[in-house]
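Colleague: The following file, target28.txt, comprises compact mmCIF, C-alpha atoms:
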```txt
# COMPACT_ATOMS: atom_id res chain seq x y z
CA MET H 237 0.00 0.00 0.00
CA LYS H 238 2.81 2.40 0.87
CA THR H 239 4.52 1.81 -2.48
CA TRP H 240 1.23 2.29 -4.35
CA LEU H 241 0.53 5.59 -2.60
CA ARG H 242 4.05 6.79 -3.30
CA SER H 243 3.65 6.01 -7.01
CA LEU H 244 0.32 7.84 -7.08
CA ALA H 245 1.97 10.89 -5.51
CA PHE H 246 4.56 10.86 -8.30
CA VAL H 247 1.82 11.05 -10.90
CA LEU H 248 -0.27 13.72 -9.18
CA VAL H 249 2.47 16.06 -7.97
CA LEU H 250 5.46 15.92 -10.28
CA PHE H 251 3.96 15.87 -13.73
CA ALA H 252 2.08 19.14 -14.23
CA PRO H 253 3.19 20.34 -17.68
CA ALA H 254 4.31 23.85 -18.51
CA VAL H 255 1.45 26.32 -18.94
CA GLY H 256 0.06 26.08 -22.48
CA ALA H 257 2.03 22.93 -23.30
CA GLN H 258 0.49 19.71 -24.60
CA ARG H 259 0.25 17.28 -21.72
CA ILE H 260 2.49 14.21 -21.94
CA PRO H 261 0.79 11.01 -20.70
CA THR H 262 2.10 10.00 -17.29
CA SER H 263 2.36 6.72 -15.45
CA SER H 264 3.83 5.28 -12.30
CA PRO H 265 7.39 3.99 -12.74
CA GLU H 266 6.44 0.45 -11.73
CA SER H 267 3.82 0.21 -14.49
CA VAL H 268 6.58 0.36 -17.11
CA GLY H 269 9.23 -1.67 -15.31
CA VAL H 270 11.07 1.05 -13.42
CA SER H 271 11.71 0.91 -9.68
CA THR H 272 10.52 3.93 -7.69
CA GLU H 273 12.92 3.00 -4.93
CA ARG H 274 15.83 2.93 -7.36
CA LEU H 275 14.75 6.22 -8.90
CA ASP H 276 15.47 7.74 -5.51
CA ARG H 277 19.13 6.96 -6.17
CA LEU H 278 18.90 9.17 -9.26
CA HIS H 279 17.27 11.95 -7.25
CA HIS H 280 19.88 11.72 -4.48
CA GLY H 281 22.69 11.66 -7.05
CA MET H 282 21.49 14.81 -8.75
CA GLN H 283 20.92 16.58 -5.43
CA ALA H 284 24.44 15.64 -4.36
CA LEU H 285 25.85 17.60 -7.31
CA ILE H 286 23.90 20.62 -6.07
CA ASP H 287 25.07 20.14 -2.48
CA GLN H 288 28.68 19.85 -3.64
CA HIS H 289 28.32 23.21 -5.49
CA GLN H 290 29.20 21.62 -8.82
CA VAL H 291 26.09 22.97 -10.53
CA GLY H 292 23.39 25.46 -9.60
CA GLY H 293 20.33 23.49 -10.63
CA ILE H 294 19.14 20.53 -12.70
CA VAL H 295 15.94 19.26 -14.27
CA THR H 296 15.67 15.57 -15.20
CA LEU H 297 12.92 13.86 -17.18
CA LEU H 298 12.37 10.19 -18.01
CA MET H 299 9.83 8.61 -20.34
CA ARG H 300 9.25 4.94 -21.03
CA ASP H 301 6.67 3.37 -23.33
CA GLY H 302 5.55 6.87 -24.29
CA LYS H 303 4.68 7.87 -20.74
CA MET H 304 6.46 10.29 -18.45
CA ILE H 305 7.47 8.45 -15.28
CA ASP H 306 9.79 10.96 -13.63
CA LEU H 307 10.17 14.75 -13.84
CA LYS H 308 12.09 16.53 -11.11
CA ALA H 309 13.77 19.88 -10.50
CA TYR H 310 16.76 20.27 -8.19
CA GLY H 311 18.61 23.25 -6.77
CA ALA H 312 18.34 26.86 -7.91
CA GLN H 313 17.56 28.50 -11.24
CA ASP H 314 19.72 31.56 -10.57
CA ALA H 315 22.39 33.00 -8.29
CA ALA H 316 19.75 34.52 -6.00
CA GLY H 317 18.53 31.05 -5.08
CA LYS H 318 15.22 31.03 -6.96
CA PRO H 319 14.13 27.38 -6.88
CA MET H 320 14.58 25.47 -10.12
CA GLN H 321 11.25 24.66 -11.80
CA THR H 322 10.34 21.82 -14.14
CA ASP H 323 9.37 24.41 -16.79
CA THR H 324 12.58 26.45 -16.51
CA LEU H 325 14.03 27.52 -19.86
CA PHE H 326 17.50 26.27 -20.82
CA ARG H 327 19.94 27.13 -23.58
CA ILE H 328 20.14 23.74 -25.30
CA ALA H 329 23.03 24.78 -27.59
CA SER H 330 24.06 21.73 -29.66
CA MET H 331 20.85 19.89 -28.82
CA THR H 332 19.61 22.26 -31.54
CA LYS H 333 21.47 20.08 -34.06
CA PRO H 334 19.06 17.11 -34.02
CA ILE H 335 16.16 19.52 -34.59
CA THR H 336 17.91 21.12 -37.57
CA SER H 337 18.73 17.66 -38.92
CA VAL H 338 15.06 16.68 -38.70
CA ALA H 339 14.19 19.85 -40.64
CA ILE H 340 16.61 18.83 -43.40
CA MET H 341 15.16 15.32 -43.57
CA MET H 342 11.63 16.75 -43.78
CA LEU H 343 12.75 18.70 -46.85
CA TYR H 344 14.32 15.49 -48.16
CA GLU H 345 10.92 13.85 -47.83
CA ASP H 346 9.34 16.89 -49.53
CA GLY H 347 11.58 16.27 -52.54
CA LYS H 348 13.31 19.63 -52.05
CA LEU H 349 16.80 18.12 -51.70
CA GLN H 350 18.79 14.90 -51.87
CA LEU H 351 21.51 13.81 -49.45
CA THR H 352 23.88 13.58 -52.42
CA ASP H 353 23.19 17.16 -53.50
CA PRO H 354 26.24 19.44 -53.42
CA LEU H 355 26.02 22.21 -50.87
CA SER H 356 26.80 24.66 -53.68
CA LYS H 357 23.35 23.95 -55.16
CA PHE H 358 21.96 25.95 -52.23
CA VAL H 359 24.97 28.11 -51.29
CA PRO H 360 27.07 28.77 -54.43
CA ALA H 361 29.93 30.24 -52.39
CA PHE H 362 30.95 26.68 -51.45
CA ARG H 363 31.48 25.56 -55.06
CA ASP H 364 35.28 25.80 -55.23
CA MET H 365 36.63 25.10 -51.76
CA LYS H 366 40.26 24.80 -50.77
CA VAL H 367 41.71 22.46 -48.15
CA LEU H 368 44.56 23.49 -45.86
CA THR H 369 47.13 20.67 -45.84
CA PRO H 370 49.91 20.52 -43.22
CA GLY H 371 53.46 21.04 -44.35
CA THR H 372 55.95 18.15 -44.29
CA ASN H 373 59.73 18.08 -43.85
CA GLY H 374 59.86 21.75 -43.01
CA THR H 375 57.61 22.93 -45.82
CA PRO H 376 54.81 25.35 -44.93
CA PRO H 377 51.13 24.40 -45.04
CA SER H 378 49.51 24.81 -48.43
CA LEU H 379 46.06 25.14 -49.97
CA VAL H 380 44.89 22.45 -52.38
CA PRO H 381 41.58 22.17 -54.22
CA ALA H 382 38.91 20.01 -52.61
CA ARG H 383 38.71 16.67 -54.42
CA ARG H 384 34.94 16.93 -54.53
CA GLN H 385 32.17 19.22 -53.37
CA ILE H 386 30.62 19.12 -49.89
CA THR H 387 27.28 17.27 -49.89
CA ILE H 388 24.23 17.54 -47.65
CA ARG H 389 25.14 14.16 -46.14
CA ASP H 390 28.63 15.47 -45.34
CA LEU H 391 27.04 18.29 -43.36
CA LEU H 392 24.67 15.97 -41.47
CA THR H 393 27.56 13.66 -40.52
CA HIS H 394 30.21 16.32 -39.78
CA ARG H 395 32.36 15.03 -42.64
CA SER H 396 32.28 18.33 -44.54
CA GLY H 397 35.78 19.57 -43.74
CA LEU H 398 34.33 22.43 -41.71
CA THR H 399 35.21 22.88 -38.03
CA TYR H 400 34.45 25.23 -35.12
CA GLY H 401 36.60 28.24 -34.32
CA PHE H 402 36.49 27.41 -30.62
CA ILE H 403 37.75 23.87 -31.33
CA ASP H 404 40.42 24.62 -33.91
CA GLY H 405 43.27 26.62 -32.44
CA ALA H 406 45.34 26.30 -35.61
CA ALA H 407 45.26 27.99 -39.00
CA VAL H 408 41.70 27.15 -40.07
CA GLY H 409 40.25 28.27 -36.74
CA GLU H 410 42.30 31.44 -37.00
CA ALA H 411 40.85 32.06 -40.45
CA TYR H 412 37.38 31.80 -38.91
CA ARG H 413 38.24 34.30 -36.22
CA LYS H 414 39.85 36.76 -38.61
CA GLY H 415 36.90 36.40 -40.96
CA GLY H 416 34.33 37.11 -38.28
CA VAL H 417 32.74 33.66 -38.42
CA SER H 418 30.40 33.09 -35.48
CA ASP H 419 30.24 29.78 -33.61
CA GLY H 420 26.61 30.50 -32.75
CA LEU H 421 27.17 31.15 -29.04
CA THR H 422 27.33 34.92 -28.90
CA PHE H 423 25.59 37.93 -30.41
CA THR H 424 26.14 37.94 -34.16
CA GLU H 425 25.48 40.75 -36.61
CA GLY H 426 23.46 39.84 -39.68
CA THR H 427 21.78 36.58 -40.63
CA ILE H 428 22.67 32.93 -41.14
CA ALA H 429 23.22 33.74 -44.81
CA ASP H 430 25.81 36.37 -43.88
CA ASN H 431 27.70 34.06 -41.54
CA VAL H 432 27.67 31.18 -44.01
CA GLU H 433 29.11 33.42 -46.72
CA ARG H 434 31.94 34.39 -44.36
CA LEU H 435 32.52 30.72 -43.55
CA ALA H 436 32.83 29.79 -47.22
CA LYS H 437 35.84 32.11 -47.55
CA ALA H 438 37.89 30.05 -45.06
CA PRO H 439 39.72 26.85 -46.02
CA LEU H 440 38.56 23.38 -45.06
CA VAL H 441 40.37 21.43 -42.37
CA SER H 442 40.12 18.17 -44.35
CA GLN H 443 38.85 16.83 -47.64
CA PRO H 444 35.06 16.48 -47.82
CA GLY H 445 34.03 13.04 -46.59
CA ALA H 446 37.51 12.04 -45.45
CA GLU H 447 37.42 12.82 -41.71
CA TRP H 448 34.99 13.57 -38.89
CA HIS H 449 35.24 17.05 -37.39
CA TYR H 450 32.57 18.46 -35.10
CA SER H 451 31.67 21.67 -36.83
CA LEU H 452 29.51 24.52 -38.04
CA SER H 453 28.04 22.11 -40.58
CA THR H 454 24.65 22.25 -38.87
CA ASP H 455 24.61 26.06 -38.99
CA VAL H 456 25.14 25.72 -42.73
CA LEU H 457 22.21 23.28 -42.84
CA GLY H 458 20.06 26.00 -41.31
CA ARG H 459 20.82 28.13 -44.35
CA VAL H 460 20.05 25.18 -46.64
CA VAL H 461 16.63 24.94 -44.97
CA GLU H 462 16.00 28.58 -45.83
CA VAL H 463 16.99 28.24 -49.48
CA ALA H 464 15.21 24.92 -50.05
CA SER H 465 12.00 25.93 -48.27
CA GLY H 466 11.78 29.62 -49.16
CA GLN H 467 11.20 30.46 -45.49
CA THR H 468 13.42 31.91 -42.80
CA PHE H 469 14.90 29.18 -40.63
CA ASP H 470 13.05 30.20 -37.49
CA THR H 471 9.73 30.28 -39.36
CA PHE H 472 10.28 26.82 -40.83
CA LEU H 473 11.05 25.31 -37.43
CA ARG H 474 8.09 27.01 -35.83
CA GLU H 475 5.57 26.04 -38.51
CA ARG H 476 6.83 22.56 -39.41
CA ILE H 477 8.19 21.24 -36.08
CA PHE H 478 7.38 23.28 -32.96
CA THR H 479 3.71 23.98 -33.69
CA PRO H 480 2.79 20.43 -34.79
CA LEU H 481 4.60 18.96 -31.78
CA LYS H 482 3.17 21.64 -29.47
CA MET H 483 6.64 22.67 -28.30
CA THR H 484 5.38 25.99 -26.95
CA ASP H 485 8.58 27.05 -25.17
CA THR H 486 11.17 26.29 -27.87
CA SER H 487 12.56 29.28 -29.76
CA PHE H 488 15.69 31.16 -30.78
CA GLU H 489 14.81 34.02 -28.44
CA VAL H 490 13.23 34.47 -25.03
CA PRO H 491 10.17 36.77 -24.99
CA GLU H 492 10.06 39.34 -22.22
CA ALA H 493 7.23 37.53 -20.43
CA LYS H 494 9.30 34.32 -20.22
CA TRP H 495 12.59 35.95 -19.22
CA PRO H 496 12.11 35.15 -15.49
CA ARG H 497 12.05 31.46 -16.42
CA LEU H 498 15.50 31.46 -18.08
CA ALA H 499 18.14 29.66 -16.03
CA THR H 500 21.47 31.28 -15.20
CA VAL H 501 24.65 29.77 -16.64
CA PHE H 502 27.29 28.99 -14.04
CA THR H 503 31.01 28.46 -14.44
CA PRO H 504 33.54 26.93 -12.02
CA GLU H 505 35.34 29.29 -9.65
CA GLY H 506 38.01 28.10 -7.27
CA PRO H 507 38.46 24.48 -6.24
CA ASN H 508 34.96 23.98 -4.83
CA GLY H 509 32.55 26.52 -6.22
CA ILE H 510 30.70 28.07 -9.14
CA ARG H 511 29.71 31.60 -10.13
CA PRO H 512 27.31 33.08 -12.70
CA MET H 513 28.84 33.46 -16.14
CA LYS H 514 29.42 37.02 -17.30
CA ASP H 515 27.93 38.38 -20.51
CA PRO H 516 29.89 38.34 -22.68
CA GLU H 517 32.64 36.03 -21.44
CA SER H 518 35.41 34.19 -23.27
CA PHE H 519 37.17 30.95 -22.45
CA GLY H 520 40.17 30.72 -24.75
CA ASN H 521 38.71 30.86 -28.25
CA THR H 522 35.17 30.23 -27.00
CA TYR H 523 33.07 33.40 -26.95
CA MET H 524 29.73 33.23 -25.17
CA SER H 525 26.82 35.55 -24.52
CA PRO H 526 24.41 33.73 -22.20
CA PHE H 527 21.82 36.50 -21.97
CA ASN H 528 22.03 39.17 -24.70
CA TYR H 529 22.25 36.49 -27.39
CA TYR H 530 18.72 35.32 -26.53
CA LYS H 531 16.94 38.68 -26.43
CA ALA H 532 14.02 39.31 -28.79
CA GLY H 533 14.76 40.90 -32.14
CA LYS H 534 17.71 38.76 -33.19
CA LYS H 535 18.24 37.91 -36.86
CA TYR H 536 20.91 35.22 -36.58
CA PHE H 537 19.40 31.77 -35.99
CA SER H 538 22.12 29.21 -35.33
CA GLY H 539 21.10 25.75 -36.54
CA GLY H 540 23.88 24.23 -34.46
CA ALA H 541 23.55 26.04 -31.14
CA GLY H 542 20.82 28.66 -30.99
CA LEU H 543 17.67 27.29 -29.37
CA VAL H 544 16.15 27.65 -25.91
CA SER H 545 13.80 24.93 -24.69
CA THR H 546 12.43 23.07 -21.67
CA ALA H 547 12.73 19.45 -20.60
CA HIS H 548 9.03 18.97 -21.37
CA ASP H 549 9.28 20.43 -24.89
CA TYR H 550 12.37 18.48 -25.79
CA ALA H 551 10.78 15.29 -24.51
CA ARG H 552 8.01 15.74 -27.08
CA PHE H 553 10.60 16.08 -29.85
CA ALA H 554 12.50 13.02 -28.62
CA GLN H 555 9.35 10.92 -28.25
CA MET H 556 8.41 11.78 -31.83
CA LEU H 557 11.69 10.21 -32.93
CA LEU H 558 11.22 7.17 -30.69
CA ASN H 559 7.75 6.79 -32.25
CA LYS H 560 9.47 6.67 -35.65
CA GLY H 561 8.47 10.15 -36.73
CA GLU H 562 5.02 10.75 -35.19
CA LEU H 563 3.52 12.15 -32.00
CA ASP H 564 -0.14 12.70 -31.09
CA GLY H 565 -1.25 12.45 -34.70
CA ALA H 566 1.43 14.82 -36.06
CA ARG H 567 3.77 12.94 -38.40
CA LEU H 568 6.99 14.77 -39.21
CA LEU H 569 8.98 11.91 -40.74
CA SER H 570 8.42 8.42 -42.05
CA PRO H 571 9.74 5.44 -40.05
CA LYS H 572 12.26 4.66 -42.81
CA THR H 573 13.66 8.19 -42.63
CA VAL H 574 14.16 7.92 -38.87
CA GLU H 575 15.82 4.56 -39.45
CA LEU H 576 18.25 6.15 -41.89
CA MET H 577 18.99 9.02 -39.51
CA THR H 578 19.76 6.70 -36.59
CA THR H 579 22.02 4.35 -38.57
CA SER H 580 25.77 4.83 -38.41
CA HIS H 581 27.19 6.79 -41.34
CA THR H 582 30.80 6.69 -40.15
CA ASN H 583 31.62 2.96 -40.05
CA ASP H 584 34.47 3.50 -42.50
CA LEU H 585 36.28 5.93 -40.19
CA PRO H 586 38.83 4.83 -37.55
CA PRO H 587 37.27 3.55 -34.28
CA GLY H 588 36.89 6.30 -31.71
CA SER H 589 37.21 9.13 -34.22
CA THR H 590 33.65 10.36 -33.57
CA LEU H 591 34.06 11.43 -29.95
CA GLY H 592 34.85 8.26 -28.09
CA PRO H 593 35.11 4.47 -28.32
CA GLY H 594 31.97 2.54 -29.23
CA THR H 595 30.27 5.51 -30.90
CA ASN H 596 29.60 6.50 -34.49
CA TRP H 597 27.61 9.30 -36.06
CA GLY H 598 24.27 9.19 -37.84
CA LEU H 599 22.39 12.00 -39.58
CA GLY H 600 22.35 14.43 -36.67
CA PHE H 601 23.01 12.14 -33.70
CA GLN H 602 25.75 10.26 -31.93
CA ILE H 603 25.01 6.52 -32.16
CA ARG H 604 26.17 3.87 -29.67
CA THR H 605 27.48 0.92 -31.69
CA ASP H 606 29.63 -1.04 -29.19
CA LEU H 607 28.30 -0.99 -25.65
CA GLY H 608 31.35 -2.62 -24.12
CA ALA H 609 33.69 -0.07 -25.65
CA THR H 610 31.70 2.82 -24.16
CA GLN H 611 32.08 1.41 -20.61
CA GLN H 612 28.64 2.84 -19.77
CA LEU H 613 25.21 1.44 -19.07
CA GLY H 614 22.94 1.68 -22.07
CA SER H 615 22.04 -0.16 -25.26
CA GLU H 616 23.55 -0.55 -28.67
CA GLY H 617 21.49 1.59 -31.01
CA MET H 618 20.76 4.34 -28.48
CA TYR H 619 21.26 7.80 -29.92
CA GLY H 620 21.28 11.42 -28.78
CA TRP H 621 23.52 14.39 -28.13
CA SER H 622 24.45 17.12 -25.65
CA GLY H 623 24.88 20.89 -25.49
CA ILE H 624 27.90 22.97 -24.57
CA TYR H 625 26.06 24.42 -21.56
CA GLY H 626 25.59 20.91 -20.11
CA THR H 627 22.23 19.71 -21.43
CA TYR H 628 22.06 16.04 -22.46
CA PHE H 629 19.53 13.65 -23.94
CA TRP H 630 19.31 10.20 -25.39
CA ILE H 631 16.75 7.89 -26.94
CA ASP H 632 16.99 4.13 -26.38
CA PRO H 633 14.74 2.20 -28.81
CA LYS H 634 15.50 -1.16 -27.18
CA GLU H 635 14.35 0.07 -23.78
CA ARG H 636 11.65 2.37 -25.25
CA LEU H 637 13.26 5.14 -23.19
CA VAL H 638 13.69 8.90 -23.48
CA ALA H 639 16.01 10.60 -20.98
CA ILE H 640 16.72 14.33 -20.67
CA ALA H 641 18.93 16.27 -18.26
CA MET H 642 18.92 20.06 -18.29
CA VAL H 643 21.70 22.01 -16.59
CA GLN H 644 23.60 25.24 -17.29
CA ARG H 645 27.32 25.08 -16.61
CA TYR H 646 30.40 25.72 -18.76
CA PRO H 647 33.06 24.47 -19.15
CA GLY H 648 32.43 20.86 -18.30
CA THR H 649 29.37 19.35 -16.68
CA PRO H 650 29.42 16.59 -14.08
CA VAL H 651 25.77 15.66 -14.70
CA ALA H 652 25.69 13.51 -17.85
CA ALA H 653 27.62 10.43 -16.71
CA PRO H 654 25.87 9.87 -13.36
CA PHE H 655 22.49 10.72 -14.89
CA GLN H 656 22.94 7.94 -17.43
CA SER H 657 24.11 5.25 -15.02
CA LEU H 658 21.55 6.17 -12.36
CA THR H 659 18.78 6.05 -14.95
CA TYR H 660 19.63 2.59 -16.22
CA GLN H 661 20.09 1.08 -12.76
CA ALA H 662 16.45 1.97 -12.07
CA LEU H 663 15.18 -0.18 -14.96
CA VAL H 664 14.15 -3.56 -13.51
CA LYS H 665 12.10 -5.00 -16.38
```
Can you dump the structure from the file as structure tokens?

Modeller:
Amino acid sequence: MKTWLRSLAFVLVLFAPAVGAQRIPTSSPESVGVSTERLDRLHHGMQALIDQHQVGGIVTLLMRDGKMIDLKAYGAQDAAGKPMQTDTLFRIASMTKPITSVAIMMLYEDGKLQLTDPLSKFVPAFRDMKVLTPGTNGTPPSLVPARRQITIRDLLTHRSGLTYGFIDGAAVGEAYRKGGVSDGLTFTEGTIADNVERLAKAPLVSQPGAEWHYSLSTDVLGRVVEVASGQTFDTFLRERIFTPLKMTDTSFEVPEAKWPRLATVFTPEGPNGIRPMKDPESFGNTYMSPFNYYKAGKKYFSGGAGLVSTAHDYARFAQMLLNKGELDGARLLSPKTVELMTTSHTNDLPPGSTLGPGTNWGLGFQIRTDLGATQQLGSEGMYGWSGIYGTYFWIDPKERLVAIAMVQRYPGTPVAAPFQSLTYQALVK
């Protein structure tokens, strides 16, 4: 009786959705093979990170079999100690990339593009790219013509030869910085089209298709969406993804009325503490604007890093993918398209070259292909991604599981690894 009452309390108290949002079906953990008692280990683990002053606040959300079984807020939303809420807004940064990738695949299904299309079909400035090759035996680096053009698939798989300025401290990254190329994390003058044109003037870091480099490829895909659809990128996402999925809090900017719900970004200070990030603030070659960048009126919509969302909203997007392209009667993609997106497209590259052993890259997601090599609990075939401010999500088709952790800390977040292990240890069936 005690366990039953406790499960009922979970359903009644924890799962009120954000105001105006489409309600996600809820269920007790036990009804879908998850132990409520073991979920307490997850809750205690997340709270411990707060108590140890490693992060300011966290929101975690778990869904299994299409039902939300756990949604919890921990710690504070800001430096003043305002309690974290389950509908707090978070900068999801690179968790924007899967959404942009879905947009591209919707246009693929519309017949507006093919994965084999050259990028120059949509952005002519990329027609004749040069690749910076390292010098050998004392000779200086040199520019050589790209052996072939960058394709849409290259962009989706980060095999385009593009990079990020904050990642590349060498000559190509320096060309980005001198050319005013934005990484999508700070206030940027102009539009996506302007930034992509600047990017096309810099050399590639490798031949198209030859290597995997995490990159501005997804920002470029945002521009492809605009050209192929005839709409601005933000309008396309709103009309074709956010509105059908009822993701009412996901946007490139934070309206004035929602500003009090935006979480503060923290950064480590001293051996055992954190402080609010300044605006702007730089960390080496990483330039960030955690507040001004999200004010209303912006024109630059970063397909790789620009969105703000909530755990509840992102869960709807993730569940759509787990459902093979459909949620609550809104079908965005066909099951075969989702299958293609969540299949490895980097098997031919050296093991571990796509950010760690046991992982490959699909069309917009990191894919787990060798569970033993990852040394983590999970399943082969699970897919997802993270954001530079600490957010993290994955989808596990074998376990019919969606897991989302929202946090705001840079550099480095201690949340992702324990969140994953503490989630899987709670699965008992």

Colleague: Can you tell me how far atom CA of Arg384 of chain H sits from atom CA of Tyr344 of chain H, in Å to one decimal?

Modeller: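 Interatomic distance, atom CA of Arg384 of chain H to atom CA of Tyr344 of chain H: 21.6 Å.
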
Colleague: Name all residues at most 8 Å from segment 598-607 of chain H (count only C-alpha atoms; drop same-chain ones fewer than 6 positions away) and give them as number ranges by chain.

Modeller: H: 333-334, 337-338, 389, 392-393, 576-582, 613-621

Colleague: Which residues come within 7 Å of segment 562-573 of chain H, counting all atoms listed in the file, excluding same-chain residues fewer than 5 positions away, as a PDB file with C-alpha atoms, in the frame of the given file?

Modeller:
```
ATOM      1  CA  MET H 342      11.630  16.750 -43.780  1.00  0.00           C
ATOM      2  CA  PRO H 480       2.790  20.430 -34.790  1.00  0.00           C
ATOM      3  CA  LEU H 481       4.600  18.960 -31.780  1.00  0.00           C
ATOM      4  CA  MET H 556       8.410  11.780 -31.830  1.00  0.00           C
TER       5      MET H 556
END
```

Colleague: Excluding Ser271 of chain H and its own-chain neighbours fewer than 3 positions away, which residues fall within 10 Å of it when counting all atoms listed in the file? Please give them as a VMD selection string.

Modeller: chain H and resid 243 264 to 268 274 to 276 661 to 665

Colleague: To one decimal place, how far is atom CA of Met642 of chain H from atom CA of Phe472 of chain H in Å?

Modeller: 25.1 Å

Colleague: Once you've located segment 480-497 of chain H in the structure I gave, write it as an mmCIF file, in the first residue's frame, keeping N, CA and C atoms.

Modeller:
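Result saved to out.cif:
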```
data_model
loop_
_atom_site.group_PDB
_atom_site.id
_atom_site.type_symbol
_atom_site.label_atom_id
_atom_site.label_comp_id
_atom_site.auth_asym_id
_atom_site.auth_seq_id
_atom_site.Cartn_x
_atom_site.Cartn_y
_atom_site.Cartn_z
ATOM 1 N N PRO H 480 3.398 21.768 -34.754
ATOM 2 C CA PRO H 480 2.792 20.435 -34.792
ATOM 3 C C PRO H 480 3.063 19.609 -33.541
ATOM 4 N N LEU H 481 4.258 19.730 -32.968
ATOM 5 C CA LEU H 481 4.604 18.958 -31.779
ATOM 6 C C LEU H 481 4.187 19.657 -30.492
ATOM 7 N N LYS H 482 3.605 20.856 -30.628
ATOM 8 C CA LYS H 482 3.165 21.640 -29.466
ATOM 9 C C LYS H 482 4.329 21.910 -28.502
ATOM 10 N N MET H 483 5.460 22.267 -29.073
ATOM 11 C CA MET H 483 6.640 22.669 -28.304
ATOM 12 C C MET H 483 6.544 24.184 -28.096
ATOM 13 N N THR H 484 5.757 24.585 -27.113
ATOM 14 C CA THR H 484 5.376 25.986 -26.955
ATOM 15 C C THR H 484 6.478 26.863 -26.369
ATOM 16 N N ASP H 485 7.518 26.267 -25.822
ATOM 17 C CA ASP H 485 8.575 27.050 -25.173
ATOM 18 C C ASP H 485 9.909 26.968 -25.907
ATOM 19 N N THR H 486 9.922 26.464 -27.129
ATOM 20 C CA THR H 486 11.171 26.293 -27.868
ATOM 21 C C THR H 486 11.288 27.377 -28.928
ATOM 22 N N SER H 487 12.403 28.132 -28.868
ATOM 23 C CA SER H 487 12.557 29.282 -29.759
ATOM 24 C C SER H 487 14.018 29.718 -29.774
ATOM 25 N N PHE H 488 14.343 30.588 -30.722
ATOM 26 C CA PHE H 488 15.691 31.160 -30.779
ATOM 27 C C PHE H 488 15.845 32.363 -29.855
ATOM 28 N N GLU H 489 14.736 32.871 -29.321
ATOM 29 C CA GLU H 489 14.809 34.017 -28.435
ATOM 30 C C GLU H 489 13.826 33.829 -27.286
ATOM 31 N N VAL H 490 14.074 34.562 -26.211
ATOM 32 C CA VAL H 490 13.227 34.470 -25.026
ATOM 33 C C VAL H 490 12.364 35.723 -24.954
ATOM 34 N N PRO H 491 11.047 35.591 -25.104
ATOM 35 C CA PRO H 491 10.170 36.768 -24.987
ATOM 36 C C PRO H 491 10.259 37.369 -23.591
ATOM 37 N N GLU H 492 9.949 38.637 -23.495
ATOM 38 C CA GLU H 492 10.060 39.344 -22.222
ATOM 39 C C GLU H 492 9.261 38.649 -21.121
ATOM 40 N N ALA H 493 8.076 38.155 -21.437
ATOM 41 C CA ALA H 493 7.228 37.526 -20.427
ATOM 42 C C ALA H 493 7.824 36.239 -19.874
ATOM 43 N N LYS H 494 8.705 35.589 -20.655
ATOM 44 C CA LYS H 494 9.300 34.323 -20.224
ATOM 45 C C LYS H 494 10.698 34.500 -19.631
ATOM 46 N N TRP H 495 11.212 35.721 -19.679
ATOM 47 C CA TRP H 495 12.585 35.952 -19.222
ATOM 48 C C TRP H 495 12.827 35.474 -17.790
ATOM 49 N N PRO H 496 11.868 35.642 -16.853
ATOM 50 C CA PRO H 496 12.112 35.155 -15.487
ATOM 51 C C PRO H 496 12.281 33.643 -15.389
ATOM 52 N N ARG H 497 11.923 32.910 -16.446
ATOM 53 C CA ARG H 497 12.053 31.455 -16.419
ATOM 54 C C ARG H 497 13.387 30.967 -16.963
#
```
